[in-house]
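Enquirer: Supplied in structure tokens, the structure appears directly below.
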Amino acid sequence: MARLAMLIDLTRCIGCDACTIACKQENGTPADVFFARVLNVEAGTYPTVKRIYIPVLCNHCDNPACLKACPNKAIFRRDDGIVLIDQDRCRGAGACVSACPYGNIILTDRDRWYLPDDRPYERDFVRPRLKEQVARKCTFCAHRVDQGLEPACVVACPTTARIFGDVEDPSSKISRYIVEQQETTGRQPFKLLPEAQTQPANMYLGTMAAQEVSTTEAPPGRREIPTEAEQQRERTGVLVGAARLFTGFTLLWLIAIAVLLALQAKAQPNGAAPTPSELYADSACAGCHGPNVMGGLGPPLAETKLTYDQFLKIVREGRGMMPATPVSEMPDQEVRVIYDLVRQTRLDIMQVPTSYKVGQWLSTTHVAVIFSIVTLIALVFTIRVILYWVDCAGWKYLKPYLQRFGYGRALGVFLRSLVVDGLLVAHLWRKDRFRWLMHALMLYGFIGLGVADILMTIFNPTRGTLPITHPLKLLPNIAGLLILAGIVYVRYRYSEDPYIDNGVTLSRDYTFLSLLTWTILTGFLVEGLGYAGAYMWIQPAYMLHLALVAGLFVTAPFTRFSHVFVVPILIALTRVTSQVAFSGVEAGFLDEPSPGRHHKSERIAADVLQQVAPEVAGQFRLRYYP
């Protein structure tokens with residue numbers, strides 16, 4: 001399978017910007033929108049000064065950060081490795097702008113054009129192809145590549161500093177050039193910012209000086225093992241298959257539970273008064289303490305040492321994970337019958353199940369401790385993920401300019417974006433209100449469940465039985481139904497949308513959806529079992545529900561659940577960077593083609609200098625208009 005890439009020989013680039021102009025002409029981009037740019041870097045101090053030109057364009061990565069960050073799946077990866085943005089799907093969120101560590105994605109509030117609207121070039125060639133307020137980037141001139149042509153920047157380069165082709169084909173121009181340079185000059189290609197873990201396709205060749213072997217890779221044409229891209233596709237296929245199998249088991253499990261409940265309801269005696277044993281087996285007590293009073297997930301009740309008054313008080317007020325049971329659900333007469341039964345039953349140690357040892361961990365204190373640990377683990381992973389994305393946004397190189405801009409001012413922009421773009425999802429509301437509504441089902445459903453859990457802890461800590469119409473019941477139930485409706489819509493999109501499989505994130509999407517579906521359905525199942533009187537099933541179902549909640553949060557940083565916190569942070573960072581760029585605190589941000597990526601250009605320059613001229617890597621400046 002083809003893997004298109006570009007090799008840039010830095011010893012050949014003379015900084016003429018022919019590639020930049022050819023790109024603008026070919027793609028008809030507005031003013032301040034540059035897909036291809038050349039960094040003019042001055043490094044060192046007199047008398048040891050060097051100048052290097054670094055052409056920069058989209059790297060069409062194997063593991064694109066922009067693709068993973070896009071909340072609308074507007075970014076996808078073709079089979080030949082070209083990463084594209086669908087203008088019809090893009091909602092202009094801006095998360096991809098910060099996510100790209102190379103600063104190769106541009107999003108402008110409004111377009112400024114070079115020519116009047118009535119000029120044929122603008123009217124017939126430019127305007128019909130470009131939509132406003134959507135993210136844009138280099139496409140490797142995919143429309144030319146599909147016709148067997150090379151990208152415009154490659155054709156325009158007067159010194160052939162750009163070599164384009166299929167790195168998987170040993171006979172291609174780019175593969176032959178890599179081998180030739182290794183044999184004749186000893187140079188080996190390196191890639192930008194390996195710490196970003198995006199696996200860029202594009203490569204650079206530095207000066208004739210010796211380079212670190214650790215920065216090189218084996219010539220693609222000589223590989224005898226699967227490429228990283230092939231390995232990634234294989235892993236993705238396996239994970240997607242596992243996620244779909246997990247979904248199938250979900251449906252089978254729910255069907256089995258429904259059948260068992262139906263059989264249980266049919267088998268219940270009609271008409272005759274229940275015996276004490278039958279009365280106990282149909283009570284909430286049996287759900288925790290086992291069908292034979294010898295224990296289950298709760299301790300044995302046989303030969304209980306409690307007095308009747310103590311027993312009744314626990315039934316009415318609850319204890320630990322045991323909810324309070326009202327008189328309407330279990331009259332005092334039934335409590336007395338059950339008490340006499342458990343008091344007279346002789347305890348048989350051999351019948352005490354192992355599940356009792358497990359059930360000891362279901363006390364309120366133990367569950368709180370377990371979920372504190374789960375939360376801590378999830379928090380550690382979440383912070384690690386956030387730090388990765390903050391690094392992609394170039395935070396380290398942005399900090400000096402934030403100091404001049406004002407940290408308080410930047411924090412205000414950041415928090416406002418979190419509310420407007422994160423909580424209210426304003427960018428989606430402006431572009432597509434139906435999609436906003438579908439997104440809101442899950443977003444505000446989650447918020448509703450969180451609020452309901454807090455209110456339940458405050459006003460009903462023992463989780464006592466409440467009527468279905470009680471506000472503390474209505475809120476979580478409505479929130480759960482909203483989430484289920486959102487899941488149904490997303491699954492419909494997954495079955496109908498050809499862009500859902502973007503080549504990288506589908507397994508993470510299915511993992512999140514499967515865990516979320518199980519979590520919501522088991523929550524409703526626990527509640528339904530209580531109302532149906534199927535107490536024997538409540539504790540096992542509740543344990544499964546707790547395990548799924550824990551799994552959902554522990555895996556959140558690695559599934560699509562991460563968009564809940566990653567996307568708002570990236571959008572907010574994009575807004576902050578834009579404000580810094582247009583505030584005038586640093587001329588470089590405005591002088592940079594496509595204002596706002598000066599700090600990322602500095603990062604690229606530092607990285608390249610570290611490869612080709614490490615002795616001056618710490619002292620350089622970018623000249624945009626020499």
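Simple scheme: letters A, B, ... for chains in structure tokens order, numbers from 1 for residues in each chain, numbers from 1 for ligands in the order shown.
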Skip range 62-69 of chain A itself and residues of its chain fewer than 3 positions away, then list as a PyMOL selection string all residues within 10 Å of it, counting only C-alpha atoms.
Expert: chain A and resi 3+59+72-77+81-85+94-101+104-105+196-201+228-230+232-233+389+392+502-505+560+562-563+566-567+570-571
Enquirer: Using only C-alpha atoms, determine which residues lie at most 9 Å from Asn292 in chain A, disregarding the query and same-chain residues fewer than 3 positions distant; provide the list as number ranges by chain.
Expert: A: 277, 280-281, 286, 289, 295, 300, 302, 351
Enquirer: Those same residues, written as a PDB file, in the first residue's frame with all heavy atoms?
Expert:
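again-v8.pdb was written with the following content:
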ATOM      1  N   SER A 277     -40.343 -18.900  54.435  1.00  0.00           N
ATOM      2  CA  SER A 277     -39.172 -18.999  53.558  1.00  0.00           C
ATOM      3  C   SER A 277     -39.406 -18.273  52.240  1.00  0.00           C
ATOM      4  O   SER A 277     -38.515 -17.589  51.710  1.00  0.00           O
ATOM      5  CB  SER A 277     -38.827 -20.466  53.287  1.00  0.00           C
ATOM      6  OG  SER A 277     -38.467 -21.116  54.493  1.00  0.00           O
ATOM      7  N   TYR A 280     -39.304 -14.543  52.820  1.00  0.00           N
ATOM      8  CA  TYR A 280     -37.928 -14.053  52.916  1.00  0.00           C
ATOM      9  C   TYR A 280     -37.266 -14.010  51.537  1.00  0.00           C
ATOM     10  O   TYR A 280     -36.594 -13.039  51.180  1.00  0.00           O
ATOM     11  CB  TYR A 280     -37.119 -14.953  53.857  1.00  0.00           C
ATOM     12  CG  TYR A 280     -35.641 -14.641  53.829  1.00  0.00           C
ATOM     13  CD1 TYR A 280     -35.127 -13.577  54.546  1.00  0.00           C
ATOM     14  CD2 TYR A 280     -34.762 -15.393  53.033  1.00  0.00           C
ATOM     15  CE1 TYR A 280     -33.782 -13.264  54.493  1.00  0.00           C
ATOM     16  CE2 TYR A 280     -33.412 -15.090  52.969  1.00  0.00           C
ATOM     17  CZ  TYR A 280     -32.928 -14.033  53.699  1.00  0.00           C
ATOM     18  OH  TYR A 280     -31.605 -13.727  53.640  1.00  0.00           O
ATOM     19  N   ALA A 281     -37.439 -15.064  50.744  1.00  0.00           N
ATOM     20  CA  ALA A 281     -36.784 -15.141  49.432  1.00  0.00           C
ATOM     21  C   ALA A 281     -37.229 -14.022  48.507  1.00  0.00           C
ATOM     22  O   ALA A 281     -36.478 -13.594  47.627  1.00  0.00           O
ATOM     23  CB  ALA A 281     -37.062 -16.502  48.801  1.00  0.00           C
ATOM     24  N   ALA A 286     -33.084 -11.006  51.007  1.00  0.00           N
ATOM     25  CA  ALA A 286     -32.459 -12.120  50.298  1.00  0.00           C
ATOM     26  C   ALA A 286     -31.484 -11.632  49.232  1.00  0.00           C
ATOM     27  O   ALA A 286     -30.552 -12.351  48.858  1.00  0.00           O
ATOM     28  CB  ALA A 286     -33.536 -12.997  49.663  1.00  0.00           C
ATOM     29  N   HIS A 289     -28.342 -11.095  51.555  1.00  0.00           N
ATOM     30  CA  HIS A 289     -27.980 -12.092  52.562  1.00  0.00           C
ATOM     31  C   HIS A 289     -28.224 -13.517  52.112  1.00  0.00           C
ATOM     32  O   HIS A 289     -28.157 -14.440  52.933  1.00  0.00           O
ATOM     33  CB  HIS A 289     -28.742 -11.812  53.865  1.00  0.00           C
ATOM     34  CG  HIS A 289     -28.470 -10.447  54.413  1.00  0.00           C
ATOM     35  ND1 HIS A 289     -27.307 -10.117  55.080  1.00  0.00           N
ATOM     36  CD2 HIS A 289     -29.215  -9.303  54.367  1.00  0.00           C
ATOM     37  CE1 HIS A 289     -27.348  -8.844  55.435  1.00  0.00           C
ATOM     38  NE2 HIS A 289     -28.488  -8.316  55.004  1.00  0.00           N
ATOM     39  N   GLY A 295     -26.051 -16.024  54.043  1.00  0.00           N
ATOM     40  CA  GLY A 295     -25.165 -14.996  53.513  1.00  0.00           C
ATOM     41  C   GLY A 295     -25.049 -15.047  52.004  1.00  0.00           C
ATOM     42  O   GLY A 295     -25.318 -16.076  51.375  1.00  0.00           O
ATOM     43  N   PRO A 300     -24.273 -13.499  56.897  1.00  0.00           N
ATOM     44  CA  PRO A 300     -25.382 -14.407  57.247  1.00  0.00           C
ATOM     45  C   PRO A 300     -26.309 -13.764  58.276  1.00  0.00           C
ATOM     46  O   PRO A 300     -25.866 -13.017  59.149  1.00  0.00           O
ATOM     47  CB  PRO A 300     -24.666 -15.624  57.836  1.00  0.00           C
ATOM     48  CG  PRO A 300     -23.259 -15.542  57.326  1.00  0.00           C
ATOM     49  CD  PRO A 300     -22.962 -14.087  57.188  1.00  0.00           C
ATOM     50  N   ALA A 302     -28.656 -15.924  59.761  1.00  0.00           N
ATOM     51  CA  ALA A 302     -29.050 -17.058  60.612  1.00  0.00           C
ATOM     52  C   ALA A 302     -28.530 -16.852  62.034  1.00  0.00           C
ATOM     53  O   ALA A 302     -27.404 -16.387  62.242  1.00  0.00           O
ATOM     54  CB  ALA A 302     -28.505 -18.358  60.038  1.00  0.00           C
ATOM     55  N   GLN A 351     -22.242 -23.594  54.535  1.00  0.00           N
ATOM     56  CA  GLN A 351     -23.096 -23.003  53.504  1.00  0.00           C
ATOM     57  C   GLN A 351     -22.823 -21.511  53.274  1.00  0.00           C
ATOM     58  O   GLN A 351     -23.407 -20.903  52.385  1.00  0.00           O
ATOM     59  CB  GLN A 351     -24.572 -23.186  53.868  1.00  0.00           C
ATOM     60  CG  GLN A 351     -25.028 -24.626  53.883  1.00  0.00           C
ATOM     61  CD  GLN A 351     -26.533 -24.724  54.047  1.00  0.00           C
ATOM     62  OE1 GLN A 351     -27.294 -24.042  53.353  1.00  0.00           O
ATOM     63  NE2 GLN A 351     -26.979 -25.564  54.977  1.00  0.00           N
TER      64      GLN A 351
END
Enquirer: Could you pull the residues within 9 Å of Asp17 in chain A, counting only C-alpha atoms, minus those fewer than 4 positions along the same chain, as an mmCIF file with N, CA and C atoms, in the first residue's frame?
Expert:
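Okay, this is what ended up in part-v8.cif:
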data_model
loop_
_atom_site.group_PDB
_atom_site.id
_atom_site.type_symbol
_atom_site.label_atom_id
_atom_site.label_comp_id
_atom_site.auth_asym_id
_atom_site.auth_seq_id
_atom_site.Cartn_x
_atom_site.Cartn_y
_atom_site.Cartn_z
ATOM 1 N N ILE A 21 4.448 30.638 -2.711
ATOM 2 C CA ILE A 21 3.616 31.319 -3.705
ATOM 3 C C ILE A 21 2.874 30.308 -4.573
ATOM 4 N N ALA A 22 3.571 29.241 -4.973
ATOM 5 C CA ALA A 22 2.924 28.223 -5.809
ATOM 6 C C ALA A 22 1.760 27.578 -5.073
ATOM 7 N N ALA A 36 1.985 26.276 2.949
ATOM 8 C CA ALA A 36 3.430 26.017 2.872
ATOM 9 C C ALA A 36 4.158 27.295 3.235
ATOM 10 N N ARG A 37 5.089 27.210 4.157
ATOM 11 C CA ARG A 37 5.858 28.385 4.536
ATOM 12 C C ARG A 37 7.313 27.980 4.728
ATOM 13 N N VAL A 38 8.192 28.957 4.683
ATOM 14 C CA VAL A 38 9.618 28.694 4.843
ATOM 15 C C VAL A 38 10.124 29.543 6.000
ATOM 16 N N PRO A 55 11.642 24.714 5.160
ATOM 17 C CA PRO A 55 10.283 24.609 4.611
ATOM 18 C C PRO A 55 9.393 23.784 5.542
ATOM 19 N N CYS A 157 9.715 24.310 -6.928
ATOM 20 C CA CYS A 157 11.010 24.477 -6.274
ATOM 21 C C CYS A 157 12.137 24.510 -7.318
#
Enquirer: Would you please give, as a PyMOL selection string, all residues of range 297-481 of chain A that DSSP assigns to alpha helix (DSSP H) based on the backbone?
Expert: chain A and resi 308-317+332-344+355-359+364-392+395-405+407-417+426-431+433-459+471-481
Enquirer: Find the residue from A:Thr457, A:Ile569, A:Phe405, A:Arg343 that sits nearest to Ser417 in chain A; use only C-alpha atoms when measuring.
Expert: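 Among A:Thr457, A:Ile569, A:Phe405, A:Arg343, it is A:Ile569 that comes nearest to Ser417 in chain A.
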Enquirer: Compile a residue-level contact table for range 82-123 of chain A against range 28-32 of chain A at a cut-off of 10 Å, reporting for every qualifying residue the shortest atom pair and its distance in Å to one decimal, with only C-alpha atoms counted, rows ordered by chain and ascending number, as a tab-separated table.
Expert:
residue	atom	partner	partner_atom	distance
A:Ile106	CA	A:Asp32	CA	9.2
A:Thr108	CA	A:Asp32	CA	8.8
A:Arg110	CA	A:Pro30	CA	9.7
A:Asp111	CA	A:Pro30	CA	6.1
A:Arg112	CA	A:Ala31	CA	5.5
A:Trp113	CA	A:Pro30	CA	5.0
A:Tyr114	CA	A:Ala31	CA	6.5
A:Leu115	CA	A:Pro30	CA	9.6
A:Tyr121	CA	A:Gly28	CA	8.8
A:Glu122	CA	A:Gly28	CA	8.1
Enquirer: If you run DSSP on the backbone here, which positions in range 24-68 of chain A get strand (DSSP E)? Please write them as a ChimeraX atom specification.
Expert: /A:37-45,48-56
Enquirer: Under the rule that only C-alpha atoms are counted, which of A:Ala547, A:Val33, A:Leu424, A:Ala378 is the nearest residue to Gly596 in chain A?
Expert: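 Smallest distance to Gly596 in chain A is found for A:Val33.
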Enquirer: Return the single residue from A:Ala152, A:Pro189, A:Pro568, A:Met350 that is closest to Ala426 in chain A, with distances computed using only C-alpha atoms.
Expert: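 Residue with the minimum atom-to-atom distance to Ala426 in chain A: A:Pro568.
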